>>> print(open('my_file34.txt').read())   # compact mmCIF, N, CA and C atoms
# COMPACT_ATOMS: atom_id res chain seq x y z
N MET A 1 1.88 55.72 14.26
CA MET A 1 1.71 54.63 15.19
C MET A 1 2.27 55.07 16.54
N GLU A 2 1.52 54.85 17.60
CA GLU A 2 1.96 55.20 18.94
C GLU A 2 2.97 54.18 19.44
N GLN A 3 3.98 54.68 20.15
CA GLN A 3 5.02 53.82 20.70
C GLN A 3 5.27 54.20 22.15
N PRO A 4 5.93 53.34 22.89
CA PRO A 4 6.27 53.68 24.27
C PRO A 4 7.07 54.98 24.32
N ASP A 5 6.86 55.73 25.38
CA ASP A 5 7.56 56.99 25.57
C ASP A 5 8.96 56.69 26.10
N VAL A 6 9.86 56.42 25.18
CA VAL A 6 11.23 56.03 25.51
C VAL A 6 12.11 57.27 25.38
N SER A 7 12.99 57.46 26.33
CA SER A 7 13.85 58.64 26.31
C SER A 7 14.75 58.65 25.09
N ALA A 8 15.10 59.85 24.68
CA ALA A 8 16.02 60.00 23.55
C ALA A 8 17.37 59.37 23.87
N ALA A 9 17.79 59.47 25.13
CA ALA A 9 19.07 58.88 25.52
C ALA A 9 19.05 57.36 25.33
N LEU A 10 17.95 56.72 25.74
CA LEU A 10 17.85 55.27 25.57
C LEU A 10 17.80 54.90 24.09
N LEU A 11 17.09 55.68 23.30
CA LEU A 11 17.02 55.39 21.86
C LEU A 11 18.39 55.53 21.20
N ARG A 12 19.19 56.49 21.67
CA ARG A 12 20.54 56.64 21.11
C ARG A 12 21.37 55.39 21.39
N ILE A 13 21.17 54.79 22.56
CA ILE A 13 21.95 53.62 22.94
C ILE A 13 21.39 52.35 22.34
N ALA A 14 20.06 52.19 22.40
CA ALA A 14 19.42 50.93 22.01
C ALA A 14 19.11 50.82 20.52
N GLY A 15 19.06 51.93 19.83
CA GLY A 15 18.80 51.87 18.40
C GLY A 15 17.34 52.19 18.07
N ASP A 16 17.12 52.45 16.80
CA ASP A 16 15.81 52.92 16.33
C ASP A 16 14.70 51.91 16.50
N GLY A 17 14.97 50.64 16.35
CA GLY A 17 13.91 49.63 16.42
C GLY A 17 13.49 49.27 17.83
N PHE A 18 14.18 49.78 18.83
CA PHE A 18 13.90 49.41 20.21
C PHE A 18 12.47 49.73 20.63
N ALA A 19 12.01 50.94 20.37
CA ALA A 19 10.68 51.35 20.82
C ALA A 19 9.59 50.50 20.18
N GLU A 20 9.72 50.21 18.91
CA GLU A 20 8.71 49.38 18.24
C GLU A 20 8.74 47.94 18.76
N ASP A 21 9.92 47.40 18.97
CA ASP A 21 10.02 46.04 19.53
C ASP A 21 9.42 46.00 20.93
N LEU A 22 9.68 47.03 21.72
CA LEU A 22 9.12 47.10 23.06
C LEU A 22 7.60 47.19 23.00
N ARG A 23 7.08 48.00 22.11
CA ARG A 23 5.63 48.13 21.96
C ARG A 23 4.99 46.78 21.65
N LYS A 24 5.57 46.08 20.72
CA LYS A 24 5.03 44.77 20.34
C LYS A 24 5.06 43.79 21.51
N ARG A 25 6.15 43.79 22.27
CA ARG A 25 6.28 42.87 23.40
C ARG A 25 5.29 43.21 24.51
N LEU A 26 5.10 44.48 24.78
CA LEU A 26 4.14 44.89 25.81
C LEU A 26 2.72 44.52 25.42
N LEU A 27 2.38 44.69 24.15
CA LEU A 27 1.03 44.31 23.70
C LEU A 27 0.85 42.80 23.77
N GLN A 28 1.90 42.08 23.48
CA GLN A 28 1.85 40.61 23.58
C GLN A 28 1.62 40.19 25.04
N LEU A 29 2.33 40.81 25.96
CA LEU A 29 2.13 40.51 27.38
C LEU A 29 0.72 40.87 27.83
N ALA A 30 0.18 41.97 27.32
CA ALA A 30 -1.18 42.38 27.68
C ALA A 30 -2.20 41.34 27.22
N GLU A 31 -1.96 40.76 26.06
CA GLU A 31 -2.88 39.73 25.55
C GLU A 31 -2.78 38.44 26.34
N GLN A 32 -1.65 38.18 26.94
CA GLN A 32 -1.43 36.91 27.64
C GLN A 32 -1.95 36.90 29.07
N THR A 33 -2.26 38.07 29.63
CA THR A 33 -2.68 38.11 31.03
C THR A 33 -4.20 38.09 31.17
N ASP A 34 -4.66 37.54 32.27
CA ASP A 34 -6.09 37.56 32.58
C ASP A 34 -6.45 38.75 33.47
N ASP A 35 -5.46 39.47 33.94
CA ASP A 35 -5.68 40.62 34.82
C ASP A 35 -5.94 41.86 33.95
N GLU A 36 -7.18 42.29 33.90
CA GLU A 36 -7.54 43.40 33.02
C GLU A 36 -6.86 44.71 33.41
N ALA A 37 -6.70 44.94 34.71
CA ALA A 37 -6.05 46.18 35.15
C ALA A 37 -4.59 46.20 34.68
N TYR A 38 -3.90 45.08 34.84
CA TYR A 38 -2.51 44.98 34.39
C TYR A 38 -2.42 45.12 32.88
N ALA A 39 -3.32 44.45 32.16
CA ALA A 39 -3.33 44.55 30.70
C ALA A 39 -3.53 45.99 30.25
N SER A 40 -4.41 46.72 30.94
CA SER A 40 -4.65 48.11 30.55
C SER A 40 -3.40 48.96 30.80
N ARG A 41 -2.70 48.70 31.90
CA ARG A 41 -1.46 49.44 32.18
C ARG A 41 -0.40 49.13 31.12
N LEU A 42 -0.28 47.87 30.74
CA LEU A 42 0.68 47.50 29.69
C LEU A 42 0.35 48.19 28.37
N ARG A 43 -0.93 48.24 28.03
CA ARG A 43 -1.33 48.89 26.77
C ARG A 43 -1.04 50.39 26.81
N LEU A 44 -1.27 51.01 27.96
CA LEU A 44 -0.97 52.43 28.08
C LEU A 44 0.53 52.69 27.94
N VAL A 45 1.35 51.84 28.52
CA VAL A 45 2.80 51.99 28.37
C VAL A 45 3.18 51.77 26.91
N ALA A 46 2.59 50.78 26.28
CA ALA A 46 2.90 50.47 24.87
C ALA A 46 2.56 51.63 23.95
N SER A 47 1.50 52.37 24.29
CA SER A 47 1.08 53.49 23.44
C SER A 47 1.76 54.80 23.80
N GLY A 48 2.55 54.80 24.87
CA GLY A 48 3.24 56.02 25.27
C GLY A 48 2.42 56.93 26.16
N ARG A 49 1.25 56.47 26.61
CA ARG A 49 0.39 57.30 27.46
C ARG A 49 0.60 57.03 28.94
N ARG A 50 1.54 56.18 29.28
CA ARG A 50 1.91 55.88 30.66
C ARG A 50 3.42 55.69 30.68
N PRO A 51 4.10 56.23 31.70
CA PRO A 51 5.57 56.11 31.74
C PRO A 51 6.03 54.65 31.79
N LEU A 52 7.05 54.36 31.05
CA LEU A 52 7.64 53.03 31.00
C LEU A 52 8.11 52.58 32.38
N ARG A 53 8.68 53.48 33.13
CA ARG A 53 9.26 53.12 34.44
C ARG A 53 8.21 52.70 35.46
N THR A 54 6.92 52.96 35.19
CA THR A 54 5.90 52.51 36.14
C THR A 54 5.88 51.00 36.24
N LEU A 55 6.35 50.33 35.21
CA LEU A 55 6.36 48.86 35.26
C LEU A 55 7.27 48.33 36.36
N LEU A 56 8.30 49.05 36.69
CA LEU A 56 9.21 48.59 37.74
C LEU A 56 8.52 48.51 39.10
N ALA A 57 7.50 49.33 39.31
CA ALA A 57 6.77 49.32 40.58
C ALA A 57 5.52 48.47 40.52
N ASP A 58 5.16 48.00 39.35
CA ASP A 58 3.92 47.26 39.15
C ASP A 58 4.03 45.86 39.76
N PRO A 59 3.14 45.52 40.70
CA PRO A 59 3.24 44.20 41.34
C PRO A 59 3.12 43.04 40.35
N GLN A 60 2.27 43.18 39.36
CA GLN A 60 2.12 42.11 38.37
C GLN A 60 3.41 41.94 37.56
N TRP A 61 4.02 43.04 37.18
CA TRP A 61 5.28 42.99 36.44
C TRP A 61 6.35 42.32 37.29
N GLN A 62 6.42 42.72 38.55
CA GLN A 62 7.41 42.13 39.45
C GLN A 62 7.20 40.63 39.60
N ARG A 63 5.95 40.21 39.77
CA ARG A 63 5.68 38.77 39.89
C ARG A 63 6.04 38.03 38.62
N ALA A 64 5.78 38.63 37.49
CA ALA A 64 6.03 37.96 36.21
C ALA A 64 7.52 37.80 35.91
N PHE A 65 8.33 38.74 36.39
CA PHE A 65 9.73 38.72 35.97
C PHE A 65 10.73 38.51 37.10
N SER A 66 10.31 38.59 38.35
CA SER A 66 11.28 38.48 39.43
C SER A 66 11.94 37.11 39.49
N ASP A 67 11.20 36.05 39.18
CA ASP A 67 11.80 34.72 39.25
C ASP A 67 12.55 34.34 37.98
N ARG A 68 12.48 35.16 36.96
CA ARG A 68 13.16 34.85 35.70
C ARG A 68 14.62 35.30 35.69
N VAL A 69 14.96 36.21 36.57
CA VAL A 69 16.33 36.73 36.59
C VAL A 69 17.02 36.17 37.82
N PRO A 70 17.74 35.08 37.65
CA PRO A 70 18.41 34.48 38.81
C PRO A 70 19.55 35.37 39.29
N VAL A 71 19.65 35.49 40.58
CA VAL A 71 20.73 36.27 41.18
C VAL A 71 21.67 35.28 41.85
N PRO A 72 22.84 35.08 41.26
CA PRO A 72 23.77 34.11 41.84
C PRO A 72 24.29 34.60 43.19
N GLU A 73 24.53 33.65 44.07
CA GLU A 73 25.06 34.01 45.39
C GLU A 73 26.49 34.51 45.28
N GLU A 74 27.21 33.98 44.32
CA GLU A 74 28.58 34.42 44.10
C GLU A 74 28.72 34.79 42.62
N PRO A 75 29.63 35.71 42.32
CA PRO A 75 29.83 36.08 40.91
C PRO A 75 30.19 34.85 40.06
N VAL A 76 29.69 34.85 38.85
CA VAL A 76 29.96 33.76 37.93
C VAL A 76 31.41 33.88 37.45
N ALA A 77 32.13 32.80 37.53
CA ALA A 77 33.52 32.79 37.06
C ALA A 77 33.53 32.59 35.54
N LEU A 78 34.27 33.44 34.87
CA LEU A 78 34.39 33.34 33.42
C LEU A 78 35.73 32.74 33.05
N GLY A 79 35.68 31.92 32.02
CA GLY A 79 36.93 31.38 31.49
C GLY A 79 37.67 32.47 30.74
N GLU A 80 38.92 32.21 30.42
CA GLU A 80 39.74 33.21 29.74
C GLU A 80 39.13 33.63 28.40
N GLU A 81 38.62 32.67 27.64
CA GLU A 81 38.02 32.97 26.33
C GLU A 81 36.74 33.80 26.51
N GLN A 82 35.91 33.44 27.48
CA GLN A 82 34.68 34.19 27.74
C GLN A 82 35.02 35.62 28.20
N ARG A 83 36.01 35.74 29.03
CA ARG A 83 36.41 37.05 29.53
C ARG A 83 36.91 37.93 28.40
N ARG A 84 37.70 37.36 27.50
CA ARG A 84 38.22 38.11 26.36
C ARG A 84 37.07 38.55 25.45
N ALA A 85 36.12 37.64 25.19
CA ALA A 85 34.97 37.99 24.35
C ALA A 85 34.13 39.10 24.98
N LEU A 86 33.94 39.03 26.30
CA LEU A 86 33.19 40.06 27.00
C LEU A 86 33.92 41.40 26.94
N ASP A 87 35.21 41.39 27.15
CA ASP A 87 36.00 42.62 27.07
C ASP A 87 35.90 43.24 25.68
N GLU A 88 35.97 42.41 24.65
CA GLU A 88 35.87 42.91 23.27
C GLU A 88 34.49 43.49 23.00
N ALA A 89 33.44 42.84 23.50
CA ALA A 89 32.09 43.34 23.29
C ALA A 89 31.89 44.68 24.00
N VAL A 90 32.43 44.81 25.19
CA VAL A 90 32.34 46.07 25.92
C VAL A 90 33.09 47.16 25.17
N GLU A 91 34.23 46.86 24.66
CA GLU A 91 35.02 47.85 23.93
C GLU A 91 34.31 48.28 22.64
N ARG A 92 33.70 47.32 21.93
CA ARG A 92 32.93 47.68 20.72
C ARG A 92 31.78 48.61 21.08
N ALA A 93 31.07 48.30 22.14
CA ALA A 93 29.94 49.13 22.57
C ALA A 93 30.43 50.52 22.97
N ARG A 94 31.56 50.57 23.65
CA ARG A 94 32.13 51.85 24.08
C ARG A 94 32.46 52.72 22.88
N ARG A 95 32.96 52.14 21.81
CA ARG A 95 33.31 52.90 20.60
C ARG A 95 32.06 53.40 19.88
N GLN A 96 30.95 52.69 20.00
CA GLN A 96 29.73 53.08 19.31
C GLN A 96 29.00 54.23 19.99
N ILE A 97 29.19 54.37 21.29
CA ILE A 97 28.48 55.41 22.03
C ILE A 97 29.19 56.74 21.85
N VAL A 98 28.44 57.72 21.37
CA VAL A 98 28.97 59.06 21.21
C VAL A 98 28.53 59.87 22.42
N PRO A 99 29.47 60.41 23.17
CA PRO A 99 29.08 61.19 24.35
C PRO A 99 28.20 62.37 23.93
N PRO A 100 27.18 62.67 24.72
CA PRO A 100 26.30 63.78 24.36
C PRO A 100 27.01 65.12 24.58
N SER A 101 26.55 66.11 23.85
CA SER A 101 27.06 67.47 24.05
C SER A 101 26.54 67.98 25.39
N PRO A 102 27.12 69.05 25.91
CA PRO A 102 26.60 69.60 27.16
C PRO A 102 25.11 69.97 27.07
N ASP A 103 24.69 70.51 25.94
CA ASP A 103 23.26 70.84 25.77
C ASP A 103 22.40 69.58 25.77
N GLN A 104 22.89 68.53 25.10
CA GLN A 104 22.13 67.27 25.06
C GLN A 104 22.08 66.63 26.44
N ALA A 105 23.18 66.69 27.17
CA ALA A 105 23.21 66.14 28.53
C ALA A 105 22.22 66.89 29.43
N ALA A 106 22.15 68.20 29.29
CA ALA A 106 21.20 68.99 30.09
C ALA A 106 19.77 68.64 29.71
N ALA A 107 19.51 68.46 28.42
CA ALA A 107 18.17 68.08 27.97
C ALA A 107 17.82 66.68 28.47
N ASP A 108 18.78 65.76 28.45
CA ASP A 108 18.55 64.41 28.96
C ASP A 108 18.23 64.45 30.46
N ALA A 109 18.96 65.27 31.21
CA ALA A 109 18.73 65.38 32.65
C ALA A 109 17.34 65.94 32.94
N ALA A 110 16.93 66.94 32.19
CA ALA A 110 15.58 67.51 32.36
C ALA A 110 14.52 66.47 32.00
N ASP A 111 14.78 65.67 30.98
CA ASP A 111 13.84 64.63 30.57
C ASP A 111 13.73 63.56 31.65
N VAL A 112 14.85 63.18 32.27
CA VAL A 112 14.82 62.19 33.35
C VAL A 112 14.00 62.72 34.52
N LYS A 113 14.17 63.97 34.85
CA LYS A 113 13.42 64.58 35.96
C LYS A 113 11.92 64.60 35.64
N ARG A 114 11.56 64.98 34.43
CA ARG A 114 10.16 65.02 34.02
C ARG A 114 9.54 63.62 34.09
N ARG A 115 10.26 62.64 33.58
CA ARG A 115 9.76 61.26 33.59
C ARG A 115 9.63 60.73 35.03
N ALA A 116 10.54 61.11 35.89
CA ALA A 116 10.47 60.66 37.29
C ALA A 116 9.21 61.18 37.96
N HIS A 117 8.85 62.44 37.70
CA HIS A 117 7.63 63.00 38.29
C HIS A 117 6.39 62.30 37.74
N LEU A 118 6.34 62.08 36.44
CA LEU A 118 5.20 61.39 35.84
C LEU A 118 5.06 59.97 36.39
N THR A 119 6.19 59.30 36.53
CA THR A 119 6.18 57.93 37.05
C THR A 119 5.69 57.91 38.49
N ALA A 120 6.22 58.80 39.31
CA ALA A 120 5.81 58.83 40.72
C ALA A 120 4.32 59.10 40.85
N ASP A 121 3.79 60.01 40.05
CA ASP A 121 2.36 60.31 40.09
C ASP A 121 1.52 59.09 39.69
N ALA A 122 1.91 58.42 38.63
CA ALA A 122 1.15 57.26 38.15
C ALA A 122 1.21 56.11 39.17
N VAL A 123 2.38 55.87 39.73
CA VAL A 123 2.52 54.79 40.71
C VAL A 123 1.72 55.11 41.96
N ARG A 124 1.77 56.35 42.42
CA ARG A 124 1.02 56.75 43.61
C ARG A 124 -0.49 56.52 43.38
N GLN A 125 -0.97 56.89 42.22
CA GLN A 125 -2.40 56.71 41.90
C GLN A 125 -2.77 55.22 41.95
N ASP A 126 -1.94 54.38 41.37
CA ASP A 126 -2.24 52.95 41.36
C ASP A 126 -2.08 52.32 42.74
N GLN A 127 -1.15 52.80 43.52
CA GLN A 127 -1.03 52.29 44.88
C GLN A 127 -2.28 52.61 45.70
N LEU A 128 -2.84 53.80 45.48
CA LEU A 128 -4.05 54.20 46.21
C LEU A 128 -5.24 53.32 45.85
N ASN A 129 -5.31 52.87 44.60
CA ASN A 129 -6.46 52.03 44.21
C ASN A 129 -6.12 50.55 44.24
N GLY A 130 -4.98 50.21 44.81
CA GLY A 130 -4.61 48.80 44.95
C GLY A 130 -4.27 48.11 43.64
N TRP A 131 -3.88 48.88 42.64
CA TRP A 131 -3.49 48.34 41.34
C TRP A 131 -4.65 47.60 40.66
N THR A 132 -5.89 47.97 40.97
CA THR A 132 -7.05 47.27 40.40
C THR A 132 -7.80 48.08 39.36
N HIS A 133 -7.44 49.33 39.17
CA HIS A 133 -8.16 50.18 38.23
C HIS A 133 -7.88 49.75 36.79
N VAL A 134 -8.93 49.60 36.02
CA VAL A 134 -8.80 49.25 34.61
C VAL A 134 -8.91 50.53 33.80
N TYR A 135 -7.90 50.82 33.04
CA TYR A 135 -7.89 52.03 32.21
C TYR A 135 -8.41 51.69 30.83
N ASP A 136 -9.23 52.58 30.29
CA ASP A 136 -9.72 52.42 28.93
C ASP A 136 -8.59 52.86 28.01
N THR A 137 -8.02 51.96 27.30
CA THR A 137 -6.86 52.28 26.48
C THR A 137 -7.22 52.66 25.05
N ASP A 138 -8.52 52.65 24.72
CA ASP A 138 -8.91 53.03 23.37
C ASP A 138 -8.86 54.54 23.15
N ASP A 139 -9.41 55.30 24.10
CA ASP A 139 -9.46 56.75 23.90
C ASP A 139 -8.79 57.54 25.01
N GLY A 140 -8.09 56.85 25.91
CA GLY A 140 -7.38 57.52 26.98
C GLY A 140 -8.21 57.84 28.20
N THR A 141 -9.50 57.52 28.19
CA THR A 141 -10.32 57.76 29.36
C THR A 141 -10.24 56.56 30.28
N GLU A 142 -10.67 56.77 31.52
CA GLU A 142 -10.60 55.70 32.50
C GLU A 142 -11.96 55.04 32.66
N SER A 143 -11.96 53.78 33.05
CA SER A 143 -13.20 53.08 33.35
C SER A 143 -13.01 52.29 34.63
N SER A 144 -14.10 51.88 35.23
CA SER A 144 -14.02 51.10 36.45
C SER A 144 -13.69 49.66 36.14
N PRO A 145 -13.14 48.94 37.12
CA PRO A 145 -12.85 47.52 36.89
C PRO A 145 -14.13 46.77 36.54
N ARG A 146 -14.00 45.84 35.64
CA ARG A 146 -15.16 45.03 35.26
C ARG A 146 -15.47 44.04 36.37
N SER A 147 -16.76 43.79 36.57
CA SER A 147 -17.15 42.88 37.63
C SER A 147 -17.56 41.52 37.10
N ASP A 148 -17.46 41.32 35.79
CA ASP A 148 -17.90 40.06 35.23
C ASP A 148 -16.80 39.00 35.20
N ARG A 149 -15.67 39.26 35.80
CA ARG A 149 -14.58 38.27 35.83
C ARG A 149 -14.44 37.67 37.17
>>> encode(input="my_file34.txt", output="structure tokens")
Amino acid sequence: MEQPDVSAALLRIAGDGFAEDLRKRLLQLAEQTDDEAYASRLRLVASGRRPLRTLLADPQWQRAFSDRVPVPEEPVALGEEQRRALDEAVERARRQIVPPSPDQAAADAADVKRRAHLTADAVRQDQLNGWTHVYDTDDGTESSPRSDR
């Protein structure tokens, strides 16, 4: 089964089920949109044939999620109990993370660089076509936007 192309570093942190959960959510979002070009991009990301980070530059993604994450004007004040619980959760997470070896860190850095280039290329291509190109997600070939909508 094809899954999003998630870095090994993220999988180490997020756990084994992360990629499959992400795939399911992206396919669900693709089914919910009427924008065929956006749906095709989501499906390509879900299958691992398009970099995950391209979604951060995607205008449809930004519109869908920008208003969902409120940015408070001032930091939220936490009560003593909430602060203690947060500190404990951070400490538990810190104990679970195993620092990578120097070889693993070098491999992670090379992977980040590779993904950055792929992302930049994909975003540049979509910016040139105004984010309207519909990709054929069945066999990896491209098709023109449909005119019947």
>>> residues_around(input="my_file34.txt", residues="stretch 8-13 of chain A", least_positions_apart="3", cutoff="7 Å", atoms="only N, CA and C atoms", output="list in words")
Asp16, Phe18, Ala19, Ile97 and Asp108 of chain A
>>> write_last_selection(input="my_file34.txt", atoms="N, CA and C atoms", output="mmCIF file, in the frame of the given file")
data_model
loop_
_atom_site.group_PDB
_atom_site.id
_atom_site.type_symbol
_atom_site.label_atom_id
_atom_site.label_comp_id
_atom_site.auth_asym_id
_atom_site.auth_seq_id
_atom_site.Cartn_x
_atom_site.Cartn_y
_atom_site.Cartn_z
ATOM 1 N N ASP A 16 17.120 52.450 16.800
ATOM 2 C CA ASP A 16 15.810 52.920 16.330
ATOM 3 C C ASP A 16 14.700 51.910 16.500
ATOM 4 N N PHE A 18 14.180 49.780 18.830
ATOM 5 C CA PHE A 18 13.900 49.410 20.210
ATOM 6 C C PHE A 18 12.470 49.730 20.630
ATOM 7 N N ALA A 19 12.010 50.940 20.370
ATOM 8 C CA ALA A 19 10.680 51.350 20.820
ATOM 9 C C ALA A 19 9.590 50.500 20.180
ATOM 10 N N ILE A 97 29.190 54.370 21.290
ATOM 11 C CA ILE A 97 28.480 55.410 22.030
ATOM 12 C C ILE A 97 29.190 56.740 21.850
ATOM 13 N N ASP A 108 18.780 65.760 28.450
ATOM 14 C CA ASP A 108 18.550 64.410 28.960
ATOM 15 C C ASP A 108 18.230 64.450 30.460
#
>>> closest_residue(input="my_file34.txt", among="A:Arg41, A:Ala93, A:Pro70, A:Asp87", to="A:Ala57", atoms="only C-alpha atoms")
A:Arg41
>>> atom_distance(input="my_file34.txt", atom1="atom N of A:Leu42", atom2="atom CA of A:Val134")
9.5 Å
>>> residues_near_point(input="my_file34.txt", point="(5.1, 46.8, 25.8)", cutoff="9 Å", atoms="only C-alpha atoms", output="ChimeraX atom specification")
/A:3-4,19-30,42-47,52
>>> closest_residue(input="my_file34.txt", among="A:Glu31, A:Ala39, A:Pro100, A:Gly15", to="A:Tyr135", atoms="all atoms listed in the file")
A:Ala39
>>> atom_distance(input="my_file34.txt", atom1="atom C of A:Ala110", atom2="atom N of A:Ser7")
10.8 Å
>>> atom_distance(input="my_file34.txt", atom1="atom C of A:Gly79", atom2="atom CA of A:Arg95")
23.2 Å
>>> build_atoms(input="my_file34.txt", residues="stretch 104-121 of chain A", atoms="N, CA, C and O atoms", output="compact mmCIF listing (two decimals), in the frame of the given file")
# COMPACT_ATOMS: atom_id res chain seq x y z
N GLN A 104 22.89 68.53 25.10
CA GLN A 104 22.13 67.27 25.06
C GLN A 104 22.08 66.63 26.44
O GLN A 104 21.05 66.10 26.85
N ALA A 105 23.18 66.69 27.17
CA ALA A 105 23.21 66.14 28.53
C ALA A 105 22.22 66.89 29.43
O ALA A 105 21.52 66.27 30.24
N ALA A 106 22.15 68.20 29.29
CA ALA A 106 21.20 68.99 30.09
C ALA A 106 19.77 68.64 29.71
O ALA A 106 18.90 68.50 30.59
N ALA A 107 19.51 68.46 28.42
CA ALA A 107 18.17 68.08 27.97
C ALA A 107 17.82 66.68 28.47
O ALA A 107 16.67 66.44 28.90
N ASP A 108 18.78 65.76 28.45
CA ASP A 108 18.55 64.41 28.96
C ASP A 108 18.23 64.45 30.46
O ASP A 108 17.34 63.74 30.93
N ALA A 109 18.96 65.27 31.21
CA ALA A 109 18.73 65.38 32.65
C ALA A 109 17.34 65.94 32.94
O ALA A 109 16.63 65.44 33.82
N ALA A 110 16.93 66.94 32.19
CA ALA A 110 15.58 67.51 32.36
C ALA A 110 14.52 66.47 32.00
O ALA A 110 13.48 66.38 32.68
N ASP A 111 14.78 65.67 30.98
CA ASP A 111 13.84 64.63 30.57
C ASP A 111 13.73 63.56 31.65
O ASP A 111 12.63 63.09 31.96
N VAL A 112 14.85 63.18 32.27
CA VAL A 112 14.82 62.19 33.35
C VAL A 112 14.00 62.72 34.52
O VAL A 112 13.18 61.99 35.10
N LYS A 113 14.17 63.97 34.85
CA LYS A 113 13.42 64.58 35.96
C LYS A 113 11.92 64.60 35.64
O LYS A 113 11.10 64.25 36.49
N ARG A 114 11.56 64.98 34.43
CA ARG A 114 10.16 65.02 34.02
C ARG A 114 9.54 63.62 34.09
O ARG A 114 8.46 63.43 34.64
N ARG A 115 10.26 62.64 33.58
CA ARG A 115 9.76 61.26 33.59
C ARG A 115 9.63 60.73 35.03
O ARG A 115 8.71 59.98 35.33
N ALA A 116 10.54 61.11 35.89
CA ALA A 116 10.47 60.66 37.29
C ALA A 116 9.21 61.18 37.96
O ALA A 116 8.54 60.45 38.70
N HIS A 117 8.85 62.44 37.70
CA HIS A 117 7.63 63.00 38.29
C HIS A 117 6.39 62.30 37.74
O HIS A 117 5.47 61.96 38.51
N LEU A 118 6.34 62.08 36.44
CA LEU A 118 5.20 61.39 35.84
C LEU A 118 5.06 59.97 36.39
O LEU A 118 3.95 59.51 36.68
N THR A 119 6.19 59.30 36.53
CA THR A 119 6.18 57.93 37.05
C THR A 119 5.69 57.91 38.49
O THR A 119 4.83 57.10 38.84
N ALA A 120 6.22 58.80 39.31
CA ALA A 120 5.81 58.83 40.72
C ALA A 120 4.32 59.10 40.85
O ALA A 120 3.64 58.46 41.67
N ASP A 121 3.79 60.01 40.05
CA ASP A 121 2.36 60.31 40.09
C ASP A 121 1.52 59.09 39.69
O ASP A 121 0.53 58.78 40.34
